Number of protein chains: 2
Amino acid sequence: MPTKTIFVKPIIKEVLLIPQEIIRKKRNGHPLSEQELSAFVSGLVTGKIPDYQVSALLMAIYFQGMSPVETSFLLKAMMESGIRFDWKTKEAGSKIFVDKHSTGGVGDKTSLIILPLLIAEGLNVPMIAGRGLGHTGGTLDKLESIPGVSTQLSPETFTQQVLTIGGAFGAQTLEFVPADKKLYALRDVTSTVESIPLIVASIMSKKLGEGIGALVLDVKFGSGSFMGSLDRAEELGKAMKAVGMASGCLVEVALTSMNQPLGRTAGHTLEVLECIEIMEGKNTSQDTKELSLQLAARLACLARKQSDAAEFQKTYERMNRSLEDGTALEIFHKVLVKQGAQSQSLKLVDRSWIDGETQKFPVFAKTKGKIQSIETRNLGLALLELGGGRKKTDDKINPCVGLSQILKIGEATDSSQPLCFVNAATEADFESVRDKIVDAFFVVDEKVNVKCEDLIHSWL
Amino acid sequence: MPTKTIFVKPIIKEVLLIPQEIIRKKRNGHPLSEQELSAFVSGLVTGKIPDYQVSALLMAIYFQGMSPVETSFLLKAMMESGIRFDWKTKEAGSKIFVDKHSTGGVGDKTSLIILPLLIAEGLNVPMIAGRGLGHTGGTLDKLESIPGVSTQLSPETFTQQVLTIGGAFGAQTLEFVPADKKLYALRDVTSTVESIPLIVASIMSKKLGEGIGALVLDVKFGSGSFMGSLDRAEELGKAMKAVGMASGCLVEVALTSMNQPLGRTAGHTLEVLECIEIMEGKNTSQDTKELSLQLAARLACLARKQSDAAEFQKTYERMNRSLEDGTALEIFHKVLVKQGAQSQSLKLVDRSWIDGETQKFPVFAKTKGKIQSIETRNLGLALLELGGGRKKTDDKINPCVGLSQILKIGEATDSSQPLCFVNAATEADFESVRDKIVDAFFVVDEKVNVKCEDLIHSWL
């Protein structure tokens, strides 16, 4: 029998440039090379690879997954698809650049507090944050509910602000990781959002594109989170940490509970107010305050490579003082005035923007008792239906609607203590979500022993 | 604990109209409803559902499969996406309409012989055939290698020709099953061709759209087939038979070997000539002749609901006579002259079109011996590289290049008996494929016992 010529090599070499062959390779469960992933990302951004091939690859990735190495290749290609920040080349000197990112949830508002806390510590925070979608809110939308505030900063303005006052809340501009914007839009309409390697590449391409040296990730699990189970959250957290560390960025991951809303409010202006109150030293929202301090102190220590408990404790206490003595609030004002806020709006001289044209209604449980658990996602969906969220990325938001004085797990409700209050544009709007809210709270007899889990489950 | 409202029903009702929710459902392995599949097909054809959502659904179907019921829904929606033929409403009277379809291979040319054989039997054959792609050839391309012949018949012309002379070779026009054209184009560039339910829906939407009452499917397996293994071929054959029968069309399926080319030629004009020779009563290509007779006789009996062996034998013999006495050739001429052929071209008075501007080269094996097996797909790929096939659907074909006098398994080769001859446009073209062809034949010592499988493995 004559020796057979081996055709595999030249065929592969040739077809690697053909998008459908890259799709086929992933479809068949084979890892993609840096060159292939980079070709796909470039093709996506330049339009040379049409969306229908990109979406087929996304679905194949959904089913076949990607190794950490592939994920690193993908995020690198995404990060390099646009401009990115490199503070080493600027007048930054020995400054340390850091950021915190959360996978999102209901009432998750810690970024508003953490950025000032970090600046107060002398750290620099080039925070490119996101907008809300579905049942979760977004940092940028919350900030933009403050009259005058804009997060649409040009790269030049953003850089300048970070270098002069230590931080900025920026939106993802068209120039910054454009591949992510396009990919996310496609994933959203092709049901390929829930893929861990794609989530990792999306988040980490933007965080690493900020040029930071240390990052704390707040990965949420539970009924109000995107990831749902603790296992999935842990998987995502580990994957993000792995690719971040491999890229030379220090990363720590907190797995935190979203089995109830964070704090006592959900809704844009209501959440801003809650944050301002914390920065005024008030003790109205202990869990929000505590999580903000934990994440911020951990990040500061990580960035300064301080690993002992005593240093952490000192940092935590310094930060706590900065909330109580008004330092953090002063910085928050400074950052937002720089981004267009009117000073008196922020100082709450004129508070009309906080409530807008809404009416406030109490929501009572059907029976008296104690909150045992909360279907947190349904509270987020109720907020969405009130107009305080986006079903599609171009939906308009009513920033003033929302939930406040939300009861926490273990707290008691009766005919004089509502589950929460609702700010709605009309009574009809309120009526349309009332049952959903009532049913989201599981109320048990006062005598039942309710186990309340830790807000921070663990650190990775 | 209060009773929880069940939100599932209204949510599903609402989201079913959203394409990404249909994609998500299939992605998660749930069956799609008739309404959902029909919405997707309509959206594809009208452009209301963009290609990137269609391709994501195709990839999800690739991974999750579809039940026979879903496949029936899909093919019905595809069939109803354009015009289709319904002979009951026409001046067809009691005429019987039938067709044969093959999944394709190298040298597979039986349609050219079977259509005249069926017409000679008084049956009517509205054959909408395909073009070649990749390593396999297509009936339409073969016919259009004959000067003047066109298969681009309008539905009116096609119908008229079938009703007046008993049959036509038609191309899939823009009006006929447009969903299939669009879907196939997308599948081709998103690596979602190899999905059995999608293949079934593609083939059967067109065959059932012809309005036929009986269909014989020739499903190829082996090294030169699309399906590869006998198991996959059987799976496809059973699936096609099931959906065909469920739609009221009688279907039989032959599983036939493509472990060697069918007949002695591969290439457009060469294959037409081989068919003409069979219809001239020559015995130069026994396997092509035998398979054509078997498929045609089986189909005629199926259409007339004659199931006993004696009837089959009579039909087979009548058809064999029709090849030997020139009846089939006369009908073939008549059909093609109707479709634009010049009479003298077909009668081989002027044979210049058959060879075109090619040169003919013998291909010799490296050692003398006996053919044990053939990498048939590589012969198809060699033909493709010679210019006798399409890599993309809009590639031009050189109809005159090809392989002839191909040795069959079990036959002997030596320094005076080539493996085959090659018609190439240039000597350089020939040289570029020579090794591929030589290596496609496994030559063993004369004394080795070579098992030659049956051409027709079985009927389903």
# chains A, B, ... in the order shown; residues from 1 in each chain; ligands from 1
call {"tool": "select_by_dssp", "arguments": {"residues": "stretch 124-207 of chain A", "states": "alpha helix (DSSP H)", "output": "number ranges by chain"}}
result
A: 139-144, 155-165, 178-189, 196-207
call {"tool": "interface_residues", "arguments": {"of": "chain B", "to": "chain A", "cutoff": "9 Å", "atoms": "only C-alpha atoms", "output": "PyMOL selection string"}}
result
chain B and resi 1-5+19-24+27+50-60+63+186+188-192+365-367+435-436+439-445
call {"tool": "residues_around", "arguments": {"residues": "A:Glu271", "least_positions_apart": "2", "cutoff": "9 Å", "atoms": "only C-alpha atoms", "output": "PyMOL selection string"}}
result
chain A and resi 107-109+142+263-269+273-276+402+404
call {"tool": "closest_residue", "arguments": {"among": "A:Asp355, A:Asp395, A:Asp454, A:Glu235", "to": "A:Pro68", "atoms": "only C-alpha atoms"}}
result
A:Glu235
call {"tool": "closest_residue", "arguments": {"among": "A:Gln405, A:Ser150, A:Thr139, A:Ser67", "to": "A:Lys338", "atoms": "only C-alpha atoms"}}
result
A:Ser150
call {"tool": "residues_around", "arguments": {"residues": "B:Leu381", "least_positions_apart": "4", "cutoff": "7 Å", "atoms": "only C-alpha atoms", "output": "ChimeraX atom specification"}}
result
/B:135,377,385
call {"tool": "write_last_selection", "arguments": {"atoms": "N, CA, C and O atoms", "output": "compact mmCIF listing (two decimals), in the first residue's frame"}}
result
# COMPACT_ATOMS: atom_id res chain seq x y z
N HIS B 135 -17.02 18.68 -2.81
CA HIS B 135 -16.46 17.55 -3.56
C HIS B 135 -17.50 16.81 -4.40
O HIS B 135 -17.15 15.86 -5.09
N ARG B 377 -13.70 10.83 -1.71
CA ARG B 377 -13.80 12.27 -1.49
C ARG B 377 -12.62 13.02 -2.11
O ARG B 377 -12.78 14.10 -2.68
N GLU B 385 -10.37 20.97 -7.71
CA GLU B 385 -9.16 21.75 -7.97
C GLU B 385 -8.88 21.92 -9.45
O GLU B 385 -8.28 22.90 -9.86
call {"tool": "atom_distance", "arguments": {"atom1": "atom CA of B:Lys76", "atom2": "atom CA of B:Glu34"}}
result
9.1 Å
call {"tool": "atom_distance", "arguments": {"atom1": "atom CA of A:Gly93", "atom2": "atom CA of A:Gly211"}}
result
14.0 Å
call {"tool": "residues_around", "arguments": {"residues": "B:Ser292", "least_positions_apart": "5", "cutoff": "12 Å", "atoms": "only C-alpha atoms", "output": "MDAnalysis selection string"}}
result
chainID B and resid 100:102 108:118 216 218 254 256 262:263 275 278:279 285:287 297:299 316 319:320 323 328 455:456
call {"tool": "atom_distance", "arguments": {"atom1": "atom CA of A:Leu407", "atom2": "atom CA of A:Leu140"}}
result
25.9 Å
call {"tool": "select_by_dssp", "arguments": {"residues": "stretch 362-448 of chain A", "states": "strand (DSSP E or B)", "output": "PyMOL selection string"}}
result
chain A and resi 362-363+369-374+402-404+412-414+417+420-424+441-444
call {"tool": "residues_around", "arguments": {"residues": "A:Arg84", "least_positions_apart": "6", "cutoff": "10 Å", "atoms": "only C-alpha atoms", "output": "number ranges by chain"}}
result
A: 155, 175-177, 205-211
call {"tool": "residues_around", "arguments": {"residues": "B:Leu460", "least_positions_apart": "3", "cutoff": "9 Å", "atoms": "only C-alpha atoms", "output": "PyMOL selection string"}}
result
chain B and resi 234+237-238+241+251-255
call {"tool": "write_last_selection", "arguments": {"atoms": "all heavy atoms", "output": "mmCIF file, in the first residue's frame"}}
result
data_model
loop_
_atom_site.group_PDB
_atom_site.id
_atom_site.type_symbol
_atom_site.label_atom_id
_atom_site.label_comp_id
_atom_site.auth_asym_id
_atom_site.auth_seq_id
_atom_site.Cartn_x
_atom_site.Cartn_y
_atom_site.Cartn_z
ATOM 1 N N GLU B 234 -28.043 6.069 7.586
ATOM 2 C CA GLU B 234 -29.281 5.398 7.965
ATOM 3 C C GLU B 234 -30.152 6.327 8.818
ATOM 4 O O GLU B 234 -31.370 6.397 8.638
ATOM 5 C CB GLU B 234 -28.949 4.115 8.735
ATOM 6 C CG GLU B 234 -30.165 3.264 8.972
ATOM 7 C CD GLU B 234 -29.812 1.869 9.502
ATOM 8 O OE1 GLU B 234 -28.633 1.458 9.416
ATOM 9 O OE2 GLU B 234 -30.729 1.205 10.001
ATOM 10 N N GLY B 237 -31.664 8.804 6.483
ATOM 11 C CA GLY B 237 -32.679 8.170 5.646
ATOM 12 C C GLY B 237 -33.970 7.930 6.415
ATOM 13 O O GLY B 237 -35.068 8.232 5.932
ATOM 14 N N LYS B 238 -33.833 7.416 7.628
ATOM 15 C CA LYS B 238 -35.026 7.155 8.446
ATOM 16 C C LYS B 238 -35.764 8.452 8.762
ATOM 17 O O LYS B 238 -36.994 8.499 8.733
ATOM 18 C CB LYS B 238 -34.618 6.457 9.750
ATOM 19 C CG LYS B 238 -34.333 4.983 9.576
ATOM 20 C CD LYS B 238 -34.007 4.321 10.912
ATOM 21 C CE LYS B 238 -33.824 2.815 10.740
ATOM 22 N NZ LYS B 238 -33.198 2.211 11.918
ATOM 23 N N LYS B 241 -37.582 9.642 5.652
ATOM 24 C CA LYS B 241 -38.753 8.801 5.378
ATOM 25 C C LYS B 241 -39.881 9.146 6.352
ATOM 26 O O LYS B 241 -41.041 9.292 5.941
ATOM 27 C CB LYS B 241 -38.375 7.318 5.507
ATOM 28 C CG LYS B 241 -39.541 6.388 5.241
ATOM 29 C CD LYS B 241 -39.096 4.971 4.965
ATOM 30 C CE LYS B 241 -40.324 4.090 4.697
ATOM 31 N NZ LYS B 241 -39.957 2.793 4.131
ATOM 32 N N VAL B 251 -42.514 7.186 0.645
ATOM 33 C CA VAL B 251 -41.056 7.348 0.563
ATOM 34 C C VAL B 251 -40.370 6.007 0.764
ATOM 35 O O VAL B 251 -40.718 5.248 1.668
ATOM 36 C CB VAL B 251 -40.547 8.339 1.644
ATOM 37 C CG1 VAL B 251 -39.029 8.504 1.544
ATOM 38 C CG2 VAL B 251 -41.238 9.688 1.534
ATOM 39 N N GLU B 252 -39.409 5.708 -0.099
ATOM 40 C CA GLU B 252 -38.483 4.610 0.184
ATOM 41 C C GLU B 252 -37.070 5.142 0.066
ATOM 42 O O GLU B 252 -36.810 6.065 -0.705
ATOM 43 C CB GLU B 252 -38.712 3.433 -0.771
ATOM 44 C CG GLU B 252 -39.992 2.693 -0.411
ATOM 45 C CD GLU B 252 -40.046 1.286 -0.970
ATOM 46 O OE1 GLU B 252 -39.097 0.864 -1.666
ATOM 47 O OE2 GLU B 252 -41.065 0.600 -0.711
ATOM 48 N N VAL B 253 -36.208 4.534 0.859
ATOM 49 C CA VAL B 253 -34.837 5.035 0.949
ATOM 50 C C VAL B 253 -33.862 3.916 0.639
ATOM 51 O O VAL B 253 -33.918 2.849 1.253
ATOM 52 C CB VAL B 253 -34.544 5.568 2.370
ATOM 53 C CG1 VAL B 253 -33.109 6.082 2.463
ATOM 54 C CG2 VAL B 253 -35.537 6.655 2.759
ATOM 55 N N ALA B 254 -32.972 4.163 -0.322
ATOM 56 C CA ALA B 254 -31.882 3.224 -0.587
ATOM 57 C C ALA B 254 -30.617 3.754 0.078
ATOM 58 O O ALA B 254 -30.294 4.937 -0.073
ATOM 59 C CB ALA B 254 -31.654 3.104 -2.088
ATOM 60 N N LEU B 255 -29.959 2.892 0.846
ATOM 61 C CA LEU B 255 -28.641 3.265 1.373
ATOM 62 C C LEU B 255 -27.609 2.702 0.407
ATOM 63 O O LEU B 255 -27.512 1.472 0.254
ATOM 64 C CB LEU B 255 -28.442 2.679 2.770
ATOM 65 C CG LEU B 255 -29.422 3.173 3.830
ATOM 66 C CD1 LEU B 255 -29.190 2.441 5.160
ATOM 67 C CD2 LEU B 255 -29.274 4.675 4.025
#
